[in-house]
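This report concerns only the one structure given below.
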There are 2 protein chains.
Amino acid sequence: MTHISEPIMNLAREAKKAARTLSALSSETKNRALLRMADRLEEEAAGLIEENRKDLEGAEHKGLSAAMTDRLRLTDAVIADMARGLREVAALPDPVGAVTGMWKRPNGLLVGRMRIPLGVIGIIYESRPNVTADAAALCLKSGNSVILRGGSEAIHSNLAITAVLREVLQAEGIPGGAIQTVATTDRSAVEELLTLEDYIDLIIPRGGEELIRTVVRLSRIPVIKHYKGVCHVFVDADADMERAVDICVNAKAQRPGVCNAMETLLVHRDIAGEFLPRVAERLREAGVVLRGCEETRAVLPDIDEATEEDWSTEYLDLILSIRVVDDIDQAMDHIAAYGSLHTEAIVTNDYHNAQRFISEVNSSTVLANASTRFSDGFQLGLGAEIGISTTKLHAFGPMGLEELTTTKFIIYGDGQLRS
Amino acid sequence: MTHISEPIMNLAREAKKAARTLSALSSETKNRALLRMADRLEEEAAGLIEENRKDLEGAEHKGLSAAMTDRLRLTDAVIADMARGLREVAALPDPVGAVTGMWKRPNGLLVGRMRIPLGVIGIIYESRPNVTADAAALCLKSGNSVILRGGSEAIHSNLAITAVLREVLQAEGIPGGAIQTVATTDRSAVEELLTLEDYIDLIIPRGGEELIRTVVRLSRIPVIKHYKGVCHVFVDADADMERAVDICVNAKAQRPGVCNAMETLLVHRDIAGEFLPRVAERLREAGVVLRGCEETRAVLPDIDEATEEDWSTEYLDLILSIRVVDDIDQAMDHIAAYGSLHTEAIVTNDYHNAQRFISEVNSSTVLANASTRFSDGFQLGLGAEIGISTTKLHAFGPMGLEELTTTKFIIYGDGQLRS
């Protein structure tokens, strides 16, 4: 049994207590708080940047990479973005209380399902302090308490942002337990949180694969996560060649460092000879380094061999592995064997193959004739994104506000008894 | 790292391989197999009863209680019930492939959500061998592979039932990995299964609280479960007195040993003097032993005191604890403090209070003016029930076929690129 320290236990208790109030809060109150938080973050920008400086100095001291340090930095522009994010969340429809269906039973019972908040959500994340405001806003709007545990490298920034948000909670009469940050950078705090299944309903880890694997191993609370995105594009025999090239370049190079970028290109044998040189030229122009199977290298002899390891690697970089396949079946077998259930696309003009791919590939997002880069909560029209799940339970794919709720059964009776 | 034995690893591999085939299986094929399984179980009744005898002898040897032994026993009637259950599942609509919504984005992308199977489901259960056929049928119908792990006391019965089901799979050309039983009664087998997160998508434990807590502690795979059902009925000040009595007697005594039976009765102070004697008389006629708070005992002086422990106890027996409350707020506070998120009912003619209770009590099933005993997949019209969840993630309340599926995003494009 893990020992729970008093500060963590208090955090959990306050969060659970606040959750009851939050679940009954009107949309008006929540939206007013969110808009006020946006204003206050902008008003307090100087103070936030001051606190952020401590983190940046720490980062220099620890020798963090330039990329990491850059993600950590708060500027007026970053703070304005955070504020805009809060205003956008305020403008979204409130999912809480929506009745997703209602039906009448033969005995006259009226049975329905009503959306309610999950309760208390723990978010464990790294680096970017803007996640603090984003996550807090989405949890508040969906009526959930949130316990935030950012990386130790961002502790001053995160505490400063949370202080501003909590000041608004107080002004609006919302319990402070609604938004809390773990004040210590002690690793044991995370381990304690992950055992509090009677207080916390969901854990969302956001960060590197190692962080996420550790959370899953230690948690007794349900975890929604994705480890990685090894996304595929399959270019079928009768794809429109130009469209296929455009989609591949967009999927790989438009923003290579994100999880919905293509990592492996599968090409139907019948068009490999014509398609591969065309796509290779455009990809190289975009700075992409290619690796290929034997057949790919017969067409593109100057590229390196793709090894077995390449097929399951998420490069998050301007690198692409290419394999020539016999047909759609071999493409789908490859995806089943090496994919990460994230996002896959087919480019084809064959109606039957498009429908088969959409039906049979059970990744969280499956596209026909569009870039994998559309696998994103905003792009799909969810209005927000708190993360992407490649676990099939509860949420699969990009998660918006609705995915931070569950449904309860509500039943209107008239004295019915069970016989 | 838990060492995975070869038999368990094979089971997991076969299940995952079969899941891909299952997810694309037509409803016709699945239904034909289910109907054939029903016939074959009835045809093989004598052989099943023969195998069951070994378990019953073992039970006698181990000194199992009469109740446990009774739950273990297979008879022609129990087998006929199992067969009827399979036929009912065959008659249910197939959830797989249903598109639960589709919308068009400004860029022309057509975005929808399609129901797909979860993949591989592990079910860990005790005693009743009929769970083997029920669970296998629901998983098959929803396109999932299932790995069954029944109690050691039922191993012969479970293996015999599974053998009949698997023989039908083979005859229908469905991979045997679709339905498998763990052949060993070794406890380590469960521990191994619970670490195979890359092969198994969901664990459903069915049994006592201790079994379930162990599964939750050890599992790296999402678990859907409920520990217990401490269900409440709140009789409001202006409840129809006779209706309230009927509902309370039905909720407590119609079948006291199940999780949706009432365990605590909350009565508004204003009607306690009149209501308590009336309900007490009827409950006593039904054999119910009462315990009460101080105020209850002022009206019913001959009953025992309800202790702090009583308020959070699931009796599963003809015992009821009663508390007099000031009003609906105190009733809801009591439920929040002592409830188990299972099922709560209000009996009232006050429109405002009924609506408040339905909105504000966030248990998995909330009723106005009906018995808690309706919290059941069949009674709510789900057509089946694989379990009840008091975890808010994925499914909350009774779970039917749809809860054994998830949705993926499907996107029909026309060459769209992300800019």
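Ligands are numbered from 1 in the order shown, chains are lettered A, B, ... in the order of the structure tokens, and residues start at 1 in each chain.
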Return the neighbours of chain A among the residues of chain B, cut-off 6 Å, counting only C-alpha atoms, as a PDB file with C-alpha atoms, in the first residue's frame.
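Below you can see result_32.pdb, which holds the result:
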```pdb
ATOM      1  CA  ARG B 217      -4.558  -3.611  -8.639  1.00  0.00           C
ATOM      2  CA  ARG B 220      -2.389  -2.781 -16.931  1.00  0.00           C
ATOM      3  CA  ARG B 243     -46.768   4.110  -4.045  1.00  0.00           C
ATOM      4  CA  SER B 364     -25.027   5.319 -12.894  1.00  0.00           C
ATOM      5  CA  THR B 365     -28.807   4.943 -12.751  1.00  0.00           C
ATOM      6  CA  VAL B 366     -31.129   7.525 -11.233  1.00  0.00           C
ATOM      7  CA  LEU B 367     -34.877   6.980 -11.064  1.00  0.00           C
ATOM      8  CA  ALA B 368     -37.938   9.000 -10.148  1.00  0.00           C
ATOM      9  CA  ASN B 369     -40.930   7.037  -8.884  1.00  0.00           C
ATOM     10  CA  ALA B 370     -39.764   3.554  -9.823  1.00  0.00           C
ATOM     11  CA  SER B 371     -37.998   0.659  -8.130  1.00  0.00           C
ATOM     12  CA  LEU B 393     -15.008   5.580 -17.995  1.00  0.00           C
ATOM     13  CA  HIS B 394     -16.421   4.034 -21.190  1.00  0.00           C
ATOM     14  CA  LYS B 408     -13.405   5.143 -34.777  1.00  0.00           C
ATOM     15  CA  PHE B 409     -13.422   8.311 -36.845  1.00  0.00           C
ATOM     16  CA  ILE B 410     -14.055   7.671 -40.547  1.00  0.00           C
ATOM     17  CA  ILE B 411     -13.315  10.413 -43.033  1.00  0.00           C
ATOM     18  CA  TYR B 412     -14.240  10.649 -46.687  1.00  0.00           C
ATOM     19  CA  GLY B 413     -12.077  13.198 -48.458  1.00  0.00           C
ATOM     20  CA  ASP B 414     -11.499  14.491 -51.930  1.00  0.00           C
ATOM     21  CA  GLY B 415      -7.838  15.362 -51.829  1.00  0.00           C
ATOM     22  CA  GLN B 416      -7.964  17.706 -48.814  1.00  0.00           C
ATOM     23  CA  LEU B 417      -4.612  18.882 -47.425  1.00  0.00           C
TER      24      LEU B 417
END
```
Please identify all polymer residues within 9 Å of stretch 131-135 of chain B, counting only C-alpha atoms, omitting same-chain residues fewer than 5 positions from it, and present them as a ChimeraX atom specification. /B:82-83,85-86,89,123,125-126,140,146,148-150,158,161-162,165,181,386
Please produce a file of those selected residues containing N, CA and C atoms, as an mmCIF file, in the first residue's frame.
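Contents of the output file result-v7.cif:
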```
data_model
loop_
_atom_site.group_PDB
_atom_site.id
_atom_site.type_symbol
_atom_site.label_atom_id
_atom_site.label_comp_id
_atom_site.auth_asym_id
_atom_site.auth_seq_id
_atom_site.Cartn_x
_atom_site.Cartn_y
_atom_site.Cartn_z
ATOM 1 N N MET B 82 -29.401 -21.362 -20.986
ATOM 2 C CA MET B 82 -28.201 -20.907 -21.695
ATOM 3 C C MET B 82 -28.479 -20.831 -23.192
ATOM 4 N N ALA B 83 -29.146 -21.865 -23.716
ATOM 5 C CA ALA B 83 -29.441 -21.918 -25.154
ATOM 6 C C ALA B 83 -30.388 -20.781 -25.535
ATOM 7 N N GLY B 85 -30.627 -17.966 -24.022
ATOM 8 C CA GLY B 85 -29.820 -16.740 -23.977
ATOM 9 C C GLY B 85 -29.070 -16.524 -25.288
ATOM 10 N N LEU B 86 -28.485 -17.585 -25.836
ATOM 11 C CA LEU B 86 -27.748 -17.465 -27.100
ATOM 12 C C LEU B 86 -28.688 -17.058 -28.235
ATOM 13 N N VAL B 89 -29.431 -13.399 -28.015
ATOM 14 C CA VAL B 89 -28.323 -12.562 -28.490
ATOM 15 C C VAL B 89 -28.297 -12.557 -30.021
ATOM 16 N N ILE B 123 -12.547 -12.010 -19.584
ATOM 17 C CA ILE B 123 -13.585 -12.039 -18.552
ATOM 18 C C ILE B 123 -13.143 -12.977 -17.435
ATOM 19 N N TYR B 125 -14.237 -14.534 -13.878
ATOM 20 C CA TYR B 125 -15.489 -14.692 -13.152
ATOM 21 C C TYR B 125 -15.438 -15.881 -12.212
ATOM 22 N N GLU B 126 -16.491 -15.978 -11.398
ATOM 23 C CA GLU B 126 -16.548 -17.048 -10.399
ATOM 24 C C GLU B 126 -17.801 -17.893 -10.614
ATOM 25 N N LEU B 140 -18.985 -12.524 -29.147
ATOM 26 C CA LEU B 140 -19.025 -12.914 -30.560
ATOM 27 C C LEU B 140 -19.934 -11.972 -31.345
ATOM 28 N N VAL B 146 -12.880 -13.401 -27.114
ATOM 29 C CA VAL B 146 -12.986 -13.430 -25.659
ATOM 30 C C VAL B 146 -12.047 -14.475 -25.076
ATOM 31 N N LEU B 148 -11.811 -16.414 -21.591
ATOM 32 C CA LEU B 148 -12.626 -16.663 -20.406
ATOM 33 C C LEU B 148 -11.782 -17.287 -19.310
ATOM 34 N N ARG B 149 -11.917 -16.768 -18.126
ATOM 35 C CA ARG B 149 -11.192 -17.330 -16.998
ATOM 36 C C ARG B 149 -12.187 -17.481 -15.849
ATOM 37 N N GLY B 150 -12.820 -18.648 -15.799
ATOM 38 C CA GLY B 150 -13.789 -18.921 -14.744
ATOM 39 C C GLY B 150 -13.090 -19.392 -13.482
ATOM 40 N N ASN B 158 -16.770 -25.398 -17.486
ATOM 41 C CA ASN B 158 -16.422 -24.321 -18.416
ATOM 42 C C ASN B 158 -15.694 -24.841 -19.648
ATOM 43 N N ILE B 161 -18.270 -26.587 -21.896
ATOM 44 C CA ILE B 161 -19.134 -25.638 -22.621
ATOM 45 C C ILE B 161 -18.337 -24.982 -23.761
ATOM 46 N N THR B 162 -17.117 -24.556 -23.429
ATOM 47 C CA THR B 162 -16.294 -23.912 -24.455
ATOM 48 C C THR B 162 -16.005 -24.863 -25.613
ATOM 49 N N LEU B 165 -18.871 -24.746 -27.962
ATOM 50 C CA LEU B 165 -18.910 -23.481 -28.700
ATOM 51 C C LEU B 165 -17.827 -23.440 -29.781
ATOM 52 N N THR B 181 -10.913 -20.579 -23.421
ATOM 53 C CA THR B 181 -10.934 -20.643 -21.966
ATOM 54 C C THR B 181 -9.528 -20.944 -21.474
ATOM 55 N N ILE B 386 -23.890 -7.471 -20.001
ATOM 56 C CA ILE B 386 -22.627 -8.183 -19.754
ATOM 57 C C ILE B 386 -22.060 -7.801 -18.393
#
```
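Note that the spacing between atom CA of A:Arg71 and atom CA of A:Glu209 amounts to 17.9 Å.
DSSP, applied to the backbone of this structure, assigns strand (DSSP E or B) to the following residues of stretch 285-366 of chain A: Val289, Leu290, Arg291, Gly292, Asp304, Glu305, Ile319, Leu320, Ser321, Ile322, Arg323, Val324, Val325, Thr343, Glu344, Ala345, Ile346, Val347, Thr365 and Val366 of chain A.
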Go ahead and save the residues from that selection, with N, CA and C atoms, as a CSV table (one decimal), in the first residue's frame.
```csv
chain,number,residue,atom,x,y,z
A,289,VAL,N,14.2,12.5,-45.9
A,289,VAL,CA,15.1,11.5,-46.2
A,289,VAL,C,14.3,10.2,-46.3
A,290,LEU,N,14.5,9.4,-47.4
A,290,LEU,CA,13.7,8.2,-47.6
A,290,LEU,C,14.5,6.9,-47.3
A,291,ARG,N,13.7,5.9,-46.8
A,291,ARG,CA,14.3,4.6,-46.6
A,291,ARG,C,13.3,3.6,-47.3
A,292,GLY,N,13.7,2.5,-47.8
A,292,GLY,CA,12.8,1.7,-48.6
A,292,GLY,C,13.0,0.2,-48.5
A,304,ASP,N,18.5,4.5,-48.6
A,304,ASP,CA,18.9,3.4,-47.7
A,304,ASP,C,17.8,2.4,-47.5
A,305,GLU,N,18.2,1.2,-47.0
A,305,GLU,CA,17.3,0.2,-46.8
A,305,GLU,C,16.5,0.4,-45.5
A,319,ILE,N,11.9,11.9,-41.9
A,319,ILE,CA,12.4,10.6,-42.4
A,319,ILE,C,11.1,9.8,-42.8
A,320,LEU,N,11.1,9.1,-43.9
A,320,LEU,CA,10.0,8.3,-44.3
A,320,LEU,C,10.4,6.9,-44.7
A,321,SER,N,9.8,5.9,-44.3
A,321,SER,CA,10.0,4.5,-44.8
A,321,SER,C,8.9,4.2,-45.8
A,322,ILE,N,9.4,3.5,-46.9
A,322,ILE,CA,8.5,3.2,-48.0
A,322,ILE,C,8.5,1.7,-48.3
A,323,ARG,N,7.3,1.1,-48.4
A,323,ARG,CA,7.2,-0.3,-48.8
A,323,ARG,C,6.3,-0.5,-50.0
A,324,VAL,N,6.7,-1.3,-50.9
A,324,VAL,CA,5.8,-1.6,-52.1
A,324,VAL,C,5.0,-2.9,-51.7
A,325,VAL,N,3.7,-2.8,-51.9
A,325,VAL,CA,2.9,-4.0,-51.5
A,325,VAL,C,2.1,-4.5,-52.7
A,343,THR,N,-3.7,6.6,-37.0
A,343,THR,CA,-4.3,7.2,-38.1
A,343,THR,C,-3.7,6.6,-39.4
A,344,GLU,N,-4.6,6.2,-40.3
A,344,GLU,CA,-4.2,5.6,-41.6
A,344,GLU,C,-5.1,6.2,-42.7
A,345,ALA,N,-4.5,6.3,-43.9
A,345,ALA,CA,-5.2,6.9,-45.0
A,345,ALA,C,-5.0,6.0,-46.3
A,346,ILE,N,-6.0,5.9,-47.1
A,346,ILE,CA,-5.9,5.3,-48.4
A,346,ILE,C,-6.1,6.4,-49.4
A,347,VAL,N,-5.3,6.3,-50.5
A,347,VAL,CA,-5.5,7.2,-51.7
A,347,VAL,C,-5.9,6.3,-52.8
A,365,THR,N,-8.5,6.8,-36.4
A,365,THR,CA,-8.9,7.6,-37.5
A,365,THR,C,-8.5,7.0,-38.8
A,366,VAL,N,-9.5,6.8,-39.7
A,366,VAL,CA,-9.2,6.2,-41.0
A,366,VAL,C,-9.8,7.1,-42.1
```
Run DSSP on the backbone and tell me which residues of stretch 115-217 of chain B come out as alpha helix (DSSP H); list them as a PyMOL selection string. chain B and resi 130-141+155-171+187-193+209-217
Let's have the selection written as a tab-separated table (two decimals), in the first residue's frame, with C-alpha atoms.
```
chain	number	residue	atom	x	y	z
B	130	ASN	CA	-23.67	-20.20	-17.61
B	131	VAL	CA	-21.59	-16.99	-17.65
B	132	THR	CA	-19.29	-18.88	-20.04
B	133	ALA	CA	-21.95	-19.16	-22.74
B	134	ASP	CA	-23.52	-15.74	-22.07
B	135	ALA	CA	-20.25	-13.84	-22.20
B	136	ALA	CA	-18.98	-15.74	-25.22
B	137	ALA	CA	-22.21	-15.00	-27.09
B	138	LEU	CA	-22.16	-11.26	-26.34
B	139	CYS	CA	-18.50	-10.98	-27.32
B	140	LEU	CA	-19.02	-12.91	-30.56
B	141	LYS	CA	-22.07	-10.86	-31.52
B	155	ILE	CA	-13.21	-25.65	-14.64
B	156	HIS	CA	-14.63	-28.93	-16.03
B	157	SER	CA	-17.99	-27.37	-16.81
B	158	ASN	CA	-16.42	-24.32	-18.42
B	159	LEU	CA	-14.05	-26.33	-20.59
B	160	ALA	CA	-16.90	-28.58	-21.71
B	161	ILE	CA	-19.13	-25.64	-22.62
B	162	THR	CA	-16.29	-23.91	-24.46
B	163	ALA	CA	-15.51	-27.10	-26.38
B	164	VAL	CA	-19.07	-27.16	-27.74
B	165	LEU	CA	-18.91	-23.48	-28.70
B	166	ARG	CA	-15.52	-23.88	-30.38
B	167	GLU	CA	-16.67	-26.88	-32.37
B	168	VAL	CA	-19.33	-24.59	-33.89
B	169	LEU	CA	-16.74	-21.90	-34.61
B	170	GLN	CA	-14.76	-24.43	-36.58
B	171	ALA	CA	-17.81	-25.65	-38.48
B	187	ARG	CA	-3.65	-18.17	-10.22
B	188	SER	CA	-0.55	-16.92	-12.01
B	189	ALA	CA	-2.44	-17.27	-15.29
B	190	VAL	CA	-4.66	-14.35	-14.31
B	191	GLU	CA	-1.69	-12.23	-13.33
B	192	GLU	CA	-0.07	-12.91	-16.69
B	193	LEU	CA	-3.23	-12.08	-18.63
B	209	GLU	CA	-15.29	-7.40	-4.17
B	210	GLU	CA	-11.97	-9.00	-3.25
B	211	LEU	CA	-11.54	-10.62	-6.67
B	212	ILE	CA	-12.33	-7.32	-8.36
B	213	ARG	CA	-9.94	-5.28	-6.19
B	214	THR	CA	-7.15	-7.73	-6.96
B	215	VAL	CA	-7.81	-7.49	-10.69
B	216	VAL	CA	-7.80	-3.67	-10.59
B	217	ARG	CA	-4.56	-3.61	-8.64
```
Coordinates-based distance that separates atom CA of A:Asp81 from atom CA of A:Gly143 (Å, one decimal): 22.9 Å
Can you measure atom CA of B:Met332 to atom CA of B:Pro205 for me? One decimal in Å is fine. 29.5 Å
